[in-house]
>>> print(open('model32.pdb').read())   # PDB, C-alpha atoms and all ligand atoms
ATOM      1  CA  MET A   6     -31.936  42.951 -77.031
ATOM      2  CA  ALA A   7     -32.822  39.427 -78.017
ATOM      3  CA  VAL A   8     -36.549  39.017 -78.425
ATOM      4  CA  PRO A   9     -38.557  35.953 -79.562
ATOM      5  CA  LYS A  10     -39.474  36.241 -83.210
ATOM      6  CA  TYR A  11     -42.612  34.118 -83.018
ATOM      7  CA  LYS A  12     -45.329  33.574 -80.492
ATOM      8  CA  THR A  13     -45.068  30.136 -78.849
ATOM      9  CA  SER A  14     -48.033  28.113 -80.042
ATOM     10  CA  LYS A  15     -50.360  26.352 -77.598
ATOM     11  CA  ALA A  16     -49.217  23.033 -79.006
ATOM     12  CA  ARG A  17     -45.544  23.844 -78.442
ATOM     13  CA  THR A  18     -46.205  25.068 -74.883
ATOM     14  CA  ARG A  19     -48.277  22.018 -74.024
ATOM     15  CA  THR A  20     -45.799  19.607 -75.572
ATOM     16  CA  ARG A  21     -43.054  21.139 -73.448
ATOM     17  CA  LYS A  22     -45.167  21.013 -70.296
ATOM     18  CA  SER A  23     -46.606  17.570 -70.956
ATOM     19  CA  ILE A  24     -43.672  15.810 -69.359
ATOM     20  CA  ASN A  25     -44.576  17.361 -66.009
ATOM     21  CA  MET A  26     -48.319  17.007 -66.392
ATOM     22  CA  LYS A  27     -48.285  13.233 -66.264
ATOM     23  CA  LEU A  28     -50.350  11.842 -63.422
ATOM     24  CA  VAL A  29     -48.663   9.118 -61.468
ATOM     25  CA  ALA A  30     -50.780   6.477 -59.798
ATOM     26  CA  PRO A  31     -49.790   5.945 -56.160
ATOM     27  CA  LYS A  32     -47.810   2.784 -55.526
ATOM     28  CA  LEU A  33     -49.892   0.695 -53.190
ATOM     29  CA  VAL A  34     -48.995  -2.372 -51.193
ATOM     30  CA  GLU A  35     -51.256  -4.844 -49.469
ATOM     31  CA  CYS A  36     -51.686  -4.605 -45.721
ATOM     32  CA  SER A  37     -50.097  -7.753 -44.333
ATOM     33  CA  THR A  38     -52.889  -8.121 -41.784
ATOM     34  CA  CYS A  39     -56.166  -7.328 -43.584
ATOM     35  CA  GLY A  40     -55.155  -7.194 -47.250
ATOM     36  CA  ASN A  41     -56.324  -3.615 -47.671
ATOM     37  CA  LYS A  42     -54.378  -1.558 -50.211
ATOM     38  CA  VAL A  43     -52.243   1.004 -48.361
ATOM     39  CA  LEU A  44     -49.452   3.408 -49.189
ATOM     40  CA  PRO A  45     -46.098   1.862 -48.302
ATOM     41  CA  HIS A  46     -44.610   2.688 -44.880
ATOM     42  CA  ARG A  47     -47.978   3.871 -43.587
ATOM     43  CA  VAL A  48     -50.188   2.562 -40.804
ATOM     44  CA  CYS A  49     -53.181   0.781 -42.338
ATOM     45  CA  PRO A  50     -56.204   3.062 -41.827
ATOM     46  CA  LYS A  51     -58.615   0.130 -42.015
ATOM     47  CA  CYS A  52     -57.198  -2.065 -39.260
ATOM     48  CA  GLY A  53     -54.596   0.079 -37.494
ATOM     49  CA  PHE A  54     -51.794  -2.415 -38.020
ATOM     50  CA  TYR A  55     -48.257  -1.571 -39.045
ATOM     51  CA  ARG A  56     -45.666  -4.281 -39.721
ATOM     52  CA  GLY A  57     -47.832  -6.904 -38.075
ATOM     53  CA  LYS A  58     -48.376  -4.914 -34.909
ATOM     54  CA  GLN A  59     -51.511  -3.168 -33.684
ATOM     55  CA  VAL A  60     -50.325   0.413 -33.330
ATOM     56  CA  LEU A  61     -53.672   2.178 -33.513
ATOM     57  CA  ASN A  62     -56.839   1.188 -31.794
ATOM     58  CA  LEU A  63     -59.425   2.377 -34.260
ATOM     59  CA  GLU A  64     -62.264   1.810 -31.793
ATOM     60  CA  ASP A  65     -60.686   4.307 -29.390
ATOM     61  CA  ILE A  66     -60.733   6.999 -32.028
ATOM     62  CA  GLY A  67     -64.336   6.237 -32.945
TER
ATOM     63  CA  MET B  17     -17.750  26.153 -36.856
ATOM     64  CA  ARG B  18     -21.442  25.486 -36.889
ATOM     65  CA  HIS B  19     -21.636  24.631 -40.537
ATOM     66  CA  ARG B  20     -24.432  22.561 -42.005
ATOM     67  CA  VAL B  21     -26.079  22.032 -38.638
ATOM     68  CA  GLY B  22     -29.549  23.139 -39.491
ATOM     69  CA  PHE B  23     -33.016  22.750 -38.085
ATOM     70  CA  ASN B  24     -36.555  23.374 -39.207
ATOM     71  CA  ARG B  25     -37.873  26.793 -38.159
ATOM     72  CA  LEU B  26     -41.397  25.563 -38.785
ATOM     73  CA  ASP B  27     -42.435  28.976 -40.115
ATOM     74  CA  ARG B  28     -42.539  30.452 -36.633
ATOM     75  CA  LYS B  29     -40.702  33.100 -34.656
ATOM     76  CA  THR B  30     -38.210  31.779 -32.109
ATOM     77  CA  SER B  31     -40.465  32.385 -29.110
ATOM     78  CA  HIS B  32     -43.458  30.811 -30.792
ATOM     79  CA  ARG B  33     -41.464  27.791 -31.950
ATOM     80  CA  LYS B  34     -39.832  27.282 -28.569
ATOM     81  CA  ALA B  35     -43.127  27.480 -26.711
ATOM     82  CA  MET B  36     -44.769  25.075 -29.143
ATOM     83  CA  LEU B  37     -41.974  22.511 -29.010
ATOM     84  CA  ARG B  38     -41.859  22.675 -25.196
ATOM     85  CA  ASN B  39     -45.571  21.991 -25.071
ATOM     86  CA  MET B  40     -45.210  19.134 -27.540
ATOM     87  CA  VAL B  41     -42.376  17.489 -25.637
ATOM     88  CA  THR B  42     -44.269  17.853 -22.360
ATOM     89  CA  SER B  43     -47.287  16.231 -23.977
ATOM     90  CA  LEU B  44     -45.115  13.446 -25.358
ATOM     91  CA  PHE B  45     -43.822  12.636 -21.891
ATOM     92  CA  ARG B  46     -47.297  12.894 -20.406
ATOM     93  CA  TYR B  47     -49.179  10.745 -22.920
ATOM     94  CA  GLU B  48     -46.163   8.855 -24.354
ATOM     95  CA  ARG B  49     -47.730   9.106 -27.806
ATOM     96  CA  ILE B  50     -48.856  12.183 -29.711
ATOM     97  CA  THR B  51     -50.312  12.793 -33.153
ATOM     98  CA  THR B  52     -48.821  15.676 -35.112
ATOM     99  CA  THR B  53     -47.346  16.510 -38.489
ATOM    100  CA  LYS B  54     -44.121  14.964 -39.704
ATOM    101  CA  ALA B  55     -42.110  18.196 -39.659
ATOM    102  CA  LYS B  56     -43.129  19.038 -36.115
ATOM    103  CA  ALA B  57     -42.530  15.483 -34.952
ATOM    104  CA  LEU B  58     -38.976  15.476 -36.301
ATOM    105  CA  GLU B  59     -38.156  18.692 -34.425
ATOM    106  CA  ALA B  60     -39.874  17.619 -31.213
ATOM    107  CA  ARG B  61     -38.059  14.278 -31.171
ATOM    108  CA  ARG B  62     -34.664  16.018 -31.342
ATOM    109  CA  ILE B  63     -35.455  17.771 -28.092
ATOM    110  CA  ALA B  64     -37.147  14.787 -26.460
ATOM    111  CA  ASP B  65     -34.271  12.421 -27.217
ATOM    112  CA  LYS B  66     -31.714  14.830 -25.779
ATOM    113  CA  MET B  67     -33.833  15.292 -22.675
ATOM    114  CA  ILE B  68     -34.112  11.568 -22.067
ATOM    115  CA  THR B  69     -30.365  11.136 -22.458
ATOM    116  CA  ARG B  70     -29.772  13.839 -19.899
ATOM    117  CA  ALA B  71     -32.434  12.504 -17.575
ATOM    118  CA  LYS B  72     -30.655   9.154 -17.346
ATOM    119  CA  GLU B  73     -28.456  10.798 -14.760
ATOM    120  CA  ASP B  74     -30.786  11.942 -12.005
ATOM    121  CA  THR B  75     -28.948  14.861 -10.439
ATOM    122  CA  VAL B  76     -30.056  18.292  -9.249
ATOM    123  CA  HIS B  77     -28.017  19.793 -12.062
ATOM    124  CA  SER B  78     -29.643  17.822 -14.865
ATOM    125  CA  ARG B  79     -33.062  18.334 -13.302
ATOM    126  CA  ARG B  80     -32.549  22.086 -13.338
ATOM    127  CA  ILE B  81     -31.423  22.106 -16.954
ATOM    128  CA  ILE B  82     -34.500  20.185 -18.070
ATOM    129  CA  ALA B  83     -36.783  22.226 -15.790
ATOM    130  CA  LYS B  84     -35.921  25.189 -17.998
ATOM    131  CA  ASP B  85     -38.038  23.590 -20.721
ATOM    132  CA  ILE B  86     -40.523  21.472 -18.804
ATOM    133  CA  GLY B  87     -42.521  23.629 -16.447
ATOM    134  CA  ASP B  88     -44.778  20.875 -15.173
ATOM    135  CA  LYS B  89     -43.138  19.378 -12.071
ATOM    136  CA  GLU B  90     -45.198  16.228 -12.330
ATOM    137  CA  ILE B  91     -43.952  15.557 -15.849
ATOM    138  CA  LEU B  92     -40.385  16.481 -14.896
ATOM    139  CA  ASN B  93     -40.525  13.926 -12.134
ATOM    140  CA  LYS B  94     -42.050  11.325 -14.433
ATOM    141  CA  LEU B  95     -39.243  11.857 -16.937
ATOM    142  CA  PHE B  96     -36.563  11.276 -14.325
ATOM    143  CA  THR B  97     -38.180   8.493 -12.328
ATOM    144  CA  GLU B  98     -40.182   6.533 -14.909
ATOM    145  CA  ILE B  99     -39.201   7.334 -18.488
ATOM    146  CA  ALA B 100     -35.414   7.717 -18.371
ATOM    147  CA  PRO B 101     -34.802   4.512 -16.348
ATOM    148  CA  MET B 102     -36.597   2.484 -19.059
ATOM    149  CA  PHE B 103     -34.009   3.628 -21.597
ATOM    150  CA  GLN B 104     -30.953   3.126 -19.397
ATOM    151  CA  GLU B 105     -29.688   0.329 -21.666
ATOM    152  CA  ARG B 106     -30.611   2.036 -24.937
ATOM    153  CA  ALA B 107     -28.114   4.396 -26.566
ATOM    154  CA  GLY B 108     -30.438   6.765 -28.381
ATOM    155  CA  GLY B 109     -33.496   6.090 -30.531
ATOM    156  CA  TYR B 110     -35.998   6.483 -27.730
ATOM    157  CA  THR B 111     -38.793   7.653 -29.973
ATOM    158  CA  ARG B 112     -40.617   6.223 -32.958
ATOM    159  CA  ILE B 113     -42.451   7.982 -35.775
ATOM    160  CA  LEU B 114     -45.247   6.130 -37.554
ATOM    161  CA  LYS B 115     -46.813   7.649 -40.649
ATOM    162  CA  LEU B 116     -50.584   7.797 -40.623
ATOM    163  CA  GLY B 117     -51.428   9.491 -43.918
ATOM    164  CA  GLN B 118     -52.410  12.904 -45.142
ATOM    165  CA  ARG B 119     -54.559  15.405 -43.289
ATOM    166  CA  GLN B 120     -57.813  16.545 -44.824
ATOM    167  CA  GLY B 121     -57.556  20.271 -45.536
ATOM    168  CA  ASP B 122     -53.883  20.962 -46.114
ATOM    169  CA  ALA B 123     -52.663  17.473 -47.077
ATOM    170  CA  ALA B 124     -49.961  17.629 -44.394
ATOM    171  CA  GLU B 125     -48.400  14.300 -43.535
ATOM    172  CA  VAL B 126     -49.729  13.238 -40.148
ATOM    173  CA  VAL B 127     -47.606  11.001 -37.954
ATOM    174  CA  LEU B 128     -47.650   9.331 -34.587
ATOM    175  CA  LEU B 129     -44.713  10.273 -32.367
ATOM    176  CA  GLU B 130     -44.303   7.840 -29.516
ATOM    177  CA  LEU B 131     -41.830   6.596 -26.951
ATOM    178  CA  VAL B 132     -40.363   3.248 -27.962
ATOM    179  CA  GLU B 133     -41.099   1.888 -24.493
ATOM    180  CA  LYS B 134     -44.221   2.648 -22.516
ATOM    181  CA  THR B 135     -44.422   3.040 -18.760
ATOM    182  CA  GLU B 136     -47.672   1.059 -18.753
ATOM    183  CA  ASP B 137     -45.973  -1.934 -20.349
ATOM    184  CA  LYS B 138     -43.241  -1.756 -17.749
ATOM    185  CA  LYS B 139     -45.803  -1.741 -14.952
ATOM    186  CA  GLU B 140     -47.582  -4.735 -16.468
ATOM    187  CA  GLU B 141     -44.320  -6.622 -16.743
ATOM    188  CA  LYS B 142     -43.645  -5.986 -13.088
ATOM    189  CA  LYS B 143     -47.135  -7.178 -12.183
ATOM    190  CA  LYS B 144     -46.682 -10.325 -14.238
ATOM    191  CA  ALA B 145     -43.318 -10.970 -12.635
ATOM    192  CA  LYS B 146     -44.888 -10.542  -9.223
ATOM    193  CA  LYS B 147     -47.769 -12.835 -10.110
ATOM    194  CA  LYS B 148     -45.432 -15.486 -11.446
ATOM    195  CA  ALA B 149     -43.167 -15.356  -8.438
ATOM    196  CA  PRO B 150     -45.829 -16.313  -5.833
ATOM    197  CA  LYS B 151     -47.055 -19.137  -8.102
ATOM    198  CA  LYS B 152     -43.584 -20.577  -8.339
ATOM    199  CA  ALA B 153     -43.216 -20.246  -4.614
ATOM    200  CA  ALA B 154     -46.555 -22.005  -4.136
ATOM    201  CA  GLU B 155     -45.535 -24.776  -6.533
ATOM    202  CA  ALA B 156     -42.293 -25.227  -4.723
ATOM    203  CA  ALA B 157     -44.183 -25.416  -1.444
ATOM    204  CA  ALA B 158     -46.581 -28.016  -2.885
ATOM    205  CA  GLU B 159     -43.752 -30.226  -3.996
TER
HETATM  206 ZN    ZN A 201     -54.913  -3.490 -42.585
END
>>> encode(input="model32.pdb", output="structure tokens")
Amino acid sequence: MAVPKYKTSKARTRTRKSINMKLVAPKLVECSTCGNKVLPHRVCPKCGFYRGKQVLNLEDIG
Amino acid sequence: MRHRVGFNRLDRKTSHRKAMLRNMVTSLFRYERITTTKAKALEARRIADKMITRAKEDTVHSRRIIAKDIGDKEILNKLFTEIAPMFQERAGGYTRILKLGQRQGDAAEVVLLELVEKTEDKKEEKKKAKKKAPKKAAEAAAE
């Protein structure tokens, strides 16, 4: 049966895995109403606006 | 053949899932806007949209079919008399899903599932129309 001849070094393992370990910063866009940075396609948690419309009344939630 | 026509089982047994989705759809028709997770919202909207389409035709037959899933008579009546008539002109797409962000705890995507048209707005429109009409009549009388 085929068996690895050498132990995989930490460096080799980490080099292989490094491609998937990269942290990606979230892509943020500016809220068109208040200028707050929000994730795209999300209701702005600061002002409750989405695409120029008030969809959430933040005062109601408290 | 029922190939590639799938749905999300939402990690629940059939009875559990059915009961949950019935409750969600009933709540949607009652409050016209509910907050839930994205996966649940997508499944609930499938049912809600089909119900509204059926409710456009107010017959005993369609009422009985929908009454299988909506136990609350008040909500059943609201669906047939208030909600469905608002969408008479619209061919599908009665609901809207707005993403709110991630939930603290399990990082589930939380969304807002709502009816595209609200019964309150309709009532206000009617009131405005009524208010405008007497004014016009009064103006006409003044002239
Ligand atoms: Zn904002």
>>> residues_around(input="model32.pdb", residues="B:Ile86", least_positions_apart="5", cutoff="8 Å", atoms="all atoms listed in the file", output="PyMOL selection string")
chain B and resi 38+42+91-92
>>> interface_residues(input="model32.pdb", of="chain B", to="chain A", cutoff="8 Å", atoms="only C-alpha atoms", output="mmCIF file with C-alpha atoms, in the coordinates of the input")
data_model
loop_
_atom_site.group_PDB
_atom_site.id
_atom_site.type_symbol
_atom_site.label_atom_id
_atom_site.label_comp_id
_atom_site.auth_asym_id
_atom_site.auth_seq_id
_atom_site.Cartn_x
_atom_site.Cartn_y
_atom_site.Cartn_z
ATOM 1 C CA LEU B 114 -45.247 6.130 -37.554
ATOM 2 C CA LYS B 115 -46.813 7.649 -40.649
ATOM 3 C CA LEU B 116 -50.584 7.797 -40.623
ATOM 4 C CA GLY B 117 -51.428 9.491 -43.918
#
>>> atom_distance(input="model32.pdb", atom1="atom CA of B:Gly87", atom2="atom CA of B:Glu140")
28.8 Å
>>> closest_residue(input="model32.pdb", among="A:Lys12, A:Lys51, A:Lys58, A:Lys32", to="ligand ZN 201 (chain A)", atoms="all atoms listed in the file")
A:Lys51
>>> residues_near_ligand(input="model32.pdb", ligand="ligand ZN 201 (chain A)", cutoff="6 Å", atoms="only C-alpha atoms and all ligand atoms", output="PDB file with C-alpha atoms, in the frame of the given file")
ATOM      1  CA  CYS A  36     -51.686  -4.605 -45.721  1.00  0.00           C
ATOM      2  CA  THR A  38     -52.889  -8.121 -41.784  1.00  0.00           C
ATOM      3  CA  CYS A  39     -56.166  -7.328 -43.584  1.00  0.00           C
ATOM      4  CA  GLY A  40     -55.155  -7.194 -47.250  1.00  0.00           C
ATOM      5  CA  ASN A  41     -56.324  -3.615 -47.671  1.00  0.00           C
ATOM      6  CA  CYS A  49     -53.181   0.781 -42.338  1.00  0.00           C
ATOM      7  CA  LYS A  51     -58.615   0.130 -42.015  1.00  0.00           C
ATOM      8  CA  CYS A  52     -57.198  -2.065 -39.260  1.00  0.00           C
ATOM      9  CA  PHE A  54     -51.794  -2.415 -38.020  1.00  0.00           C
TER      10      PHE A  54
END
>>> atom_distance(input="model32.pdb", atom1="atom CA of A:Val8", atom2="atom CA of A:Lys22")
21.6 Å
>>> closest_residue(input="model32.pdb", among="B:Arg18, B:Arg25, B:Arg61, B:Arg70", to="B:Arg112", atoms="only C-alpha atoms")
B:Arg61
